[in-house]
Amino acid sequence: MRLALLAFRLMCLAWLWPLTHNSSHPAKKRRHKEHIGESTKQKHGGRVDLKLKKLDSTKSLLIKSEQLLRIEDHDFAMRPGFGGSAIPVGIDVQVESIDGISEVNMDFTMTLYLRHYWQDDRLAFPSSSNKSRTFDARLVKKIWVPDVFFVHSKRSFIHDTTMENIMLRVFPDGNILYSVRITVTALCSMDFSSFPLDTQNCSLELESYAYNENDLMLYWKNGNDSLRTDEIVLSQFFVEDFQPSFGLAFYSSTGWYNRLYINFLLRRHIFFFMLQTYFPTMLMVMLSWVSFWIDRRAVPARVSLGITTVLTMSTIITGVSASMPQVSYVKAVDIYLWASFLFVFLSVIEYAAVNYFTTVEEMKRLRKAKIPDSYDANQAMAFDGCFHDNDIDLTPFPDTTSTSNTERNTQSRNSTVSGPTQGTRLRRKHPLLQHLSFIMSNSYMIDSYSRVIFPLAYLLFNIIYWSMYAS
């Protein structure tokens, strides 16, 4: 019996032995794979593990910050103190630069640091050292921030090199500082009636987009000291003054909103326009006066000089108008240019009058002279169209003075000495008309008068012009 029981046990062991042997192979395979994986990681230097550790550490720090500020415990879609009084938001601005001012588009481009100050008790956290915590743009997207925008802005963007220029600083008591670096292009309504001797007053306006004065109150954090500027140098303007101000804006559908103003005064540099516009214009006007010293019979010289100055003035006027907006009122530079153009044009008209009166005078002298029928009047004219005394061979004729005196004595003897008959009236020419007729008969005197009248008139115009606009 014992032998039979022993034989049965041996048979059971023989049957279970292969099963226990096969079950030990997977554990060995797993240990072999783990050994291969570890050797592969050692070959690659463990860079993947370092990157994963960094990502995990950053994520864990962010999670810890969110847990510290209890972001998941509150609804940050609502403003702080919702349902109560308006939350005060202080604004502090530092102007970094004014990048450009365009007269054609009537706008300016400014880069600035915009800082917001408010208190949100939901972000208060315990701190033994009472030190603030600073975060970047990732946390800003998860909390409530003021929705300040720029009124009348055309373009604006937040700088993002090398990362978004956004800073969020949270203090243990819930006070928050939110700072962004922005470049904005905004409208500036300019008045060019005194251009280029003008002064422009521009402003950048800040306002909350969604929250009216019942929900959000914007104010300057430190009064007039809330607006600070770096040293700003512009090519065409001198920045005279930066001044913050405050106001209210009303919208019929949503109500009253707090609005902050950044006002700055710009005075234009005149030296550029003196070199490019005023000095060339003065020279063209003075150049037109040269024709008064040229002989009145030199038609090609005087005509070409007059046409050249007129065309040059037209080019200057066109160039200035092309660089200015098309406004419907007269600018100061337009007054100066068109007045100068009038002086140049009048110098051309002056020579036309001199040439005409000279021709009429010589034609009268030819009619008074006894000219044979065979004489060709065209031979008495120069190629330039004017009569010349040297080109005409005038024969001497009797003395008109003695002849007229003889005739006058004869008529006086034959006439009866008596007073004027009834109904006759003695008339005398007006002195001004006599003077004009004398000038017309002596056309060379027009040039003599023009040499004095034109410079004095232009000098008087300049005195009036610069005293009105330069003050």
# chains A, B, ... in the order shown; residues from 1 in each chain; ligands from 1
$ residues_around --residues "region 320-335 of chain A" --least-positions-apart "6" --cutoff "6 Å" --atoms "only C-alpha atoms" --output "compact mmCIF listing (two decimals) with N, CA, C and O atoms, in the first residue's frame"
# COMPACT_ATOMS: atom_id res chain seq x y z
N VAL A 104 -0.33 112.94 -43.65
CA VAL A 104 -1.24 112.48 -44.70
C VAL A 104 -2.35 111.63 -44.11
O VAL A 104 -3.53 111.79 -44.44
N PHE A 192 -4.13 122.14 -40.07
CA PHE A 192 -3.00 122.58 -40.89
C PHE A 192 -3.17 124.01 -41.39
O PHE A 192 -2.52 124.39 -42.36
N SER A 193 -4.01 124.79 -40.76
CA SER A 193 -4.19 126.17 -41.22
C SER A 193 -2.92 127.00 -41.04
O SER A 193 -2.72 127.98 -41.77
N SER A 194 -2.05 126.62 -40.10
CA SER A 194 -0.79 127.35 -39.90
C SER A 194 0.42 126.56 -40.36
O SER A 194 1.56 126.91 -40.02
N PHE A 195 0.22 125.48 -41.10
CA PHE A 195 1.33 124.65 -41.56
C PHE A 195 2.26 125.46 -42.47
O PHE A 195 1.79 126.20 -43.34
$ atom_distance --atom1 "CA of Ser97 (chain A)" --atom2 "CA of Leu112 (chain A)"
7.0 Å
